[in-house]
Amino acid sequence: MEETRKKIIDAATEVFSEYGFFRAPTHLVAMRAGVSKGLIFWYFKDKDELILEVARKALPAEVISSCLEKDIAGKDLLRCIAESYISKYTDPKMRNLLLHSLSASSHYEPLAELLKKTCGELLQKATLKVFGELNTKNIVKMRVLLGALMCYSINKPMELSENEYIEEVLSIIYESSNK
């Protein structure tokens with residue numbers, strides 16, 4: 001049973017990455033998963049539920065959460081988030097789904113709520129663990145980190161390696177808090 005659900009999610013990940021969430025035909029998801037369209041709706045009550053499941057995987061919430069679960073703080077936590085983020089969005093499917101999720105969140109409330117959780121609650125937890133204090137300046141620094149990582153993922157700078165880029169971003173964000 002769980003194997004079938006995973007096949008459906010994997011197929012939806014591919015199809016949604018190619019077509020976007022709302023233009024993607026459910027019958028194509030079924031075909032790629034090797035299941036009937038009806039079976040999709042046995043596991044997911046409707047297409048919206050499937051969209052949210054795939055979007056949950058596409059947003060950086062799991063990157064932040066997995067780093068928060070580790071026994072690290074400060075610059076090490078920033079590095080974990082940066083490396084995990086870049087690793088995740090090196091995959092073109094995940095990168096496309098992130099962009100589809102961000103775009104759709106402006107007119108699709110369930111996605112907007114998922115994004116709010118990532119940029120709200122999770123980012124605040126990370127901010128507190130990195131800087132030891134939850135204030136506007138530190139929250140903005142964490143948002144700057146996510147913005148810098150997204151820009152890197154979308155259009156890698158040719159003049160910097162991944163490691164150089166991460167180190168520069170971390171030094172700007174973390175070192176500036178120690179001045």
# chains A, B, ... in the order shown; residues from 1 in each chain; ligands from 1
>>> select_by_dssp(residues="stretch 61-151 of chain A", states="alpha helix (DSSP H)", output="CSV table (one decimal) with N, CA and C atoms, in the first residue's frame")
chain,number,residue,atom,x,y,z
A,61,ALA,N,11.0,23.6,3.7
A,61,ALA,CA,10.7,23.3,5.1
A,61,ALA,C,11.5,22.1,5.6
A,62,GLU,N,11.5,21.0,4.8
A,62,GLU,CA,12.2,19.8,5.3
A,62,GLU,C,13.7,20.0,5.4
A,63,VAL,N,14.2,20.9,4.6
A,63,VAL,CA,15.7,21.2,4.7
A,63,VAL,C,15.9,21.9,6.1
A,64,ILE,N,15.1,22.9,6.4
A,64,ILE,CA,15.3,23.6,7.7
A,64,ILE,C,15.0,22.7,8.8
A,65,SER,N,14.0,21.9,8.8
A,65,SER,CA,13.6,21.0,9.9
A,65,SER,C,14.7,20.0,10.1
A,66,SER,N,15.2,19.4,9.1
A,66,SER,CA,16.3,18.3,9.3
A,66,SER,C,17.5,18.9,9.9
A,67,CYS,N,17.9,20.2,9.5
A,67,CYS,CA,19.0,20.8,10.1
A,67,CYS,C,18.7,21.2,11.6
A,68,LEU,N,17.5,21.6,11.9
A,68,LEU,CA,17.1,21.9,13.3
A,68,LEU,C,17.2,20.7,14.2
A,69,GLU,N,16.9,19.5,13.6
A,69,GLU,CA,17.0,18.3,14.4
A,69,GLU,C,18.4,17.9,14.8
A,74,GLY,N,24.4,28.2,15.5
A,74,GLY,CA,25.3,29.2,15.0
A,74,GLY,C,25.6,29.0,13.5
A,75,LYS,N,26.8,29.3,13.2
A,75,LYS,CA,27.3,29.2,11.8
A,75,LYS,C,27.1,27.8,11.2
A,76,ASP,N,27.3,26.8,12.1
A,76,ASP,CA,27.2,25.4,11.6
A,76,ASP,C,25.7,25.1,11.1
A,77,LEU,N,24.8,25.6,11.8
A,77,LEU,CA,23.4,25.5,11.4
A,77,LEU,C,23.1,26.2,10.1
A,78,LEU,N,23.6,27.4,10.0
A,78,LEU,CA,23.5,28.1,8.7
A,78,LEU,C,24.1,27.3,7.5
A,79,ARG,N,25.3,26.7,7.8
A,79,ARG,CA,26.0,25.9,6.8
A,79,ARG,C,25.1,24.7,6.4
A,80,CYS,N,24.6,24.1,7.4
A,80,CYS,CA,23.7,22.9,7.1
A,80,CYS,C,22.6,23.3,6.2
A,81,ILE,N,21.9,24.3,6.6
A,81,ILE,CA,20.7,24.8,5.8
A,81,ILE,C,21.2,25.1,4.4
A,82,ALA,N,22.3,25.8,4.2
A,82,ALA,CA,22.8,26.2,2.9
A,82,ALA,C,23.2,25.0,2.1
A,83,GLU,N,23.9,24.1,2.6
A,83,GLU,CA,24.4,23.0,1.8
A,83,GLU,C,23.2,22.1,1.5
A,84,SER,N,22.3,21.9,2.4
A,84,SER,CA,21.1,21.0,2.2
A,84,SER,C,20.2,21.6,1.1
A,85,TYR,N,20.0,22.9,1.2
A,85,TYR,CA,19.2,23.6,0.3
A,85,TYR,C,19.7,23.5,-1.1
A,86,ILE,N,21.0,23.8,-1.3
A,86,ILE,CA,21.6,23.7,-2.6
A,86,ILE,C,21.6,22.3,-3.2
A,87,SER,N,21.8,21.3,-2.3
A,87,SER,CA,21.8,19.9,-2.7
A,87,SER,C,20.4,19.6,-3.2
A,88,LYS,N,19.4,20.0,-2.4
A,88,LYS,CA,18.0,19.6,-2.8
A,88,LYS,C,17.6,20.2,-4.2
A,92,PRO,N,16.7,19.3,-10.9
A,92,PRO,CA,15.8,20.2,-11.7
A,92,PRO,C,14.3,20.1,-11.3
A,93,LYS,N,13.9,18.8,-11.0
A,93,LYS,CA,12.5,18.6,-10.7
A,93,LYS,C,12.1,19.4,-9.4
A,94,MET,N,13.0,19.3,-8.4
A,94,MET,CA,12.7,20.0,-7.1
A,94,MET,C,12.8,21.5,-7.3
A,95,ARG,N,13.7,22.0,-8.2
A,95,ARG,CA,13.8,23.4,-8.4
A,95,ARG,C,12.6,23.9,-9.1
A,96,ASN,N,12.1,23.2,-10.2
A,96,ASN,CA,10.9,23.6,-10.9
A,96,ASN,C,9.7,23.6,-9.9
A,97,LEU,N,9.6,22.6,-9.1
A,97,LEU,CA,8.5,22.5,-8.1
A,97,LEU,C,8.5,23.6,-7.1
A,98,LEU,N,9.7,24.0,-6.7
A,98,LEU,CA,9.8,25.2,-5.8
A,98,LEU,C,9.3,26.4,-6.5
A,99,LEU,N,9.7,26.6,-7.7
A,99,LEU,CA,9.2,27.8,-8.4
A,99,LEU,C,7.7,27.7,-8.7
A,100,HIS,N,7.2,26.6,-9.0
A,100,HIS,CA,5.7,26.4,-9.2
A,100,HIS,C,5.0,26.7,-7.9
A,101,SER,N,5.6,26.2,-6.8
A,101,SER,CA,5.0,26.4,-5.5
A,101,SER,C,4.9,27.9,-5.1
A,102,LEU,N,6.0,28.6,-5.3
A,102,LEU,CA,6.1,30.0,-5.0
A,102,LEU,C,5.1,30.8,-5.9
A,103,SER,N,5.1,30.5,-7.1
A,103,SER,CA,4.2,31.2,-8.1
A,103,SER,C,2.7,30.9,-7.7
A,104,ALA,N,2.4,29.7,-7.4
A,104,ALA,CA,1.0,29.3,-7.1
A,104,ALA,C,0.5,29.8,-5.8
A,109,GLU,N,-4.5,29.4,-1.6
A,109,GLU,CA,-4.3,29.6,-0.2
A,109,GLU,C,-3.7,28.4,0.5
A,110,PRO,N,-4.0,27.2,0.2
A,110,PRO,CA,-3.3,26.1,0.9
A,110,PRO,C,-1.8,26.1,0.8
A,111,LEU,N,-1.3,26.5,-0.4
A,111,LEU,CA,0.1,26.6,-0.7
A,111,LEU,C,0.7,27.8,0.1
A,112,ALA,N,-0.1,28.9,0.1
A,112,ALA,CA,0.4,30.1,0.9
A,112,ALA,C,0.6,29.8,2.3
A,113,GLU,N,-0.3,28.9,2.9
A,113,GLU,CA,-0.2,28.5,4.3
A,113,GLU,C,1.1,27.7,4.5
A,114,LEU,N,1.4,26.8,3.6
A,114,LEU,CA,2.6,26.0,3.7
A,114,LEU,C,3.9,26.9,3.7
A,115,LEU,N,3.8,27.9,2.8
A,115,LEU,CA,4.9,28.8,2.7
A,115,LEU,C,5.1,29.7,3.9
A,116,LYS,N,3.9,30.1,4.5
A,116,LYS,CA,4.0,30.9,5.7
A,116,LYS,C,4.6,30.1,6.9
A,117,LYS,N,4.3,28.8,6.9
A,117,LYS,CA,4.9,28.0,8.0
A,117,LYS,C,6.5,28.0,7.8
A,123,LEU,N,11.5,29.4,10.3
A,123,LEU,CA,12.6,30.3,10.2
A,123,LEU,C,12.8,31.0,11.5
A,124,GLN,N,11.8,31.2,12.3
A,124,GLN,CA,12.0,31.8,13.7
A,124,GLN,C,12.8,30.8,14.6
A,125,LYS,N,12.5,29.5,14.5
A,125,LYS,CA,13.2,28.5,15.3
A,125,LYS,C,14.7,28.5,14.9
A,126,ALA,N,14.9,28.5,13.5
A,126,ALA,CA,16.3,28.5,13.0
A,126,ALA,C,17.0,29.8,13.5
A,127,THR,N,16.3,31.0,13.4
A,127,THR,CA,16.9,32.2,13.8
A,127,THR,C,17.4,32.2,15.2
A,128,LEU,N,16.5,31.7,16.1
A,128,LEU,CA,16.8,31.6,17.5
A,128,LEU,C,18.1,30.7,17.8
A,129,LYS,N,18.1,29.6,17.0
A,129,LYS,CA,19.2,28.7,17.2
A,129,LYS,C,20.5,29.2,16.6
A,130,VAL,N,20.4,30.0,15.6
A,130,VAL,CA,21.6,30.5,14.9
A,130,VAL,C,22.2,31.7,15.7
A,131,PHE,N,21.3,32.7,16.0
A,131,PHE,CA,21.8,34.0,16.6
A,131,PHE,C,21.5,34.1,18.1
A,136,THR,N,13.9,41.4,14.7
A,136,THR,CA,13.7,41.7,13.3
A,136,THR,C,15.0,41.6,12.5
A,137,LYS,N,16.1,42.1,13.0
A,137,LYS,CA,17.3,42.1,12.2
A,137,LYS,C,17.8,40.6,11.9
A,138,ASN,N,17.7,39.8,12.9
A,138,ASN,CA,18.1,38.4,12.8
A,138,ASN,C,17.1,37.6,11.9
A,139,ILE,N,15.8,37.9,12.0
A,139,ILE,CA,14.9,37.2,11.1
A,139,ILE,C,15.2,37.6,9.6
A,140,VAL,N,15.4,38.9,9.4
A,140,VAL,CA,15.8,39.4,8.0
A,140,VAL,C,17.0,38.7,7.5
A,141,LYS,N,18.0,38.5,8.4
A,141,LYS,CA,19.2,37.8,8.0
A,141,LYS,C,18.9,36.4,7.5
A,142,MET,N,18.0,35.7,8.2
A,142,MET,CA,17.7,34.3,7.8
A,142,MET,C,16.9,34.3,6.4
A,143,ARG,N,16.1,35.3,6.2
A,143,ARG,CA,15.4,35.5,5.0
A,143,ARG,C,16.3,35.8,3.8
A,144,VAL,N,17.4,36.6,4.2
A,144,VAL,CA,18.4,36.9,3.2
A,144,VAL,C,19.1,35.6,2.8
A,145,LEU,N,19.4,34.8,3.7
A,145,LEU,CA,20.0,33.5,3.4
A,145,LEU,C,19.2,32.7,2.4
A,146,LEU,N,17.9,32.6,2.7
A,146,LEU,CA,17.0,31.8,1.8
A,146,LEU,C,17.0,32.4,0.4
A,147,GLY,N,16.9,33.7,0.4
A,147,GLY,CA,16.9,34.4,-0.9
A,147,GLY,C,18.2,34.2,-1.7
A,148,ALA,N,19.3,34.3,-1.0
A,148,ALA,CA,20.6,34.0,-1.6
A,148,ALA,C,20.7,32.6,-2.2
A,149,LEU,N,20.2,31.7,-1.4
A,149,LEU,CA,20.2,30.3,-1.8
A,149,LEU,C,19.3,30.0,-3.0
A,150,MET,N,18.2,30.6,-3.0
A,150,MET,CA,17.3,30.5,-4.1
A,150,MET,C,17.9,31.1,-5.4
A,151,CYS,N,18.5,32.2,-5.3
A,151,CYS,CA,19.2,32.8,-6.5
A,151,CYS,C,20.3,31.9,-7.0
>>> atom_distance(atom1="atom CA of A:Ala33", atom2="atom CA of A:Glu18")
15.1 Å
>>> atom_distance(atom1="atom CA of A:Gly34", atom2="atom CA of A:Lys7")
8.1 Å
>>> atom_distance(atom1="atom CA of A:Asn163", atom2="atom CA of A:Thr90")
13.9 Å
>>> closest_residue(among="A:Ile72, A:Met1, A:Leu134, A:Thr13", to="A:Leu50", atoms="only C-alpha atoms")
A:Thr13
>>> residues_around(residues="A:Phe22", least_positions_apart="2", cutoff="12 Å", atoms="only C-alpha atoms", output="MDAnalysis selection string")
chainID A and resid 12 15:20 24:26 47:48 50:52 100:101 103:104 107:108
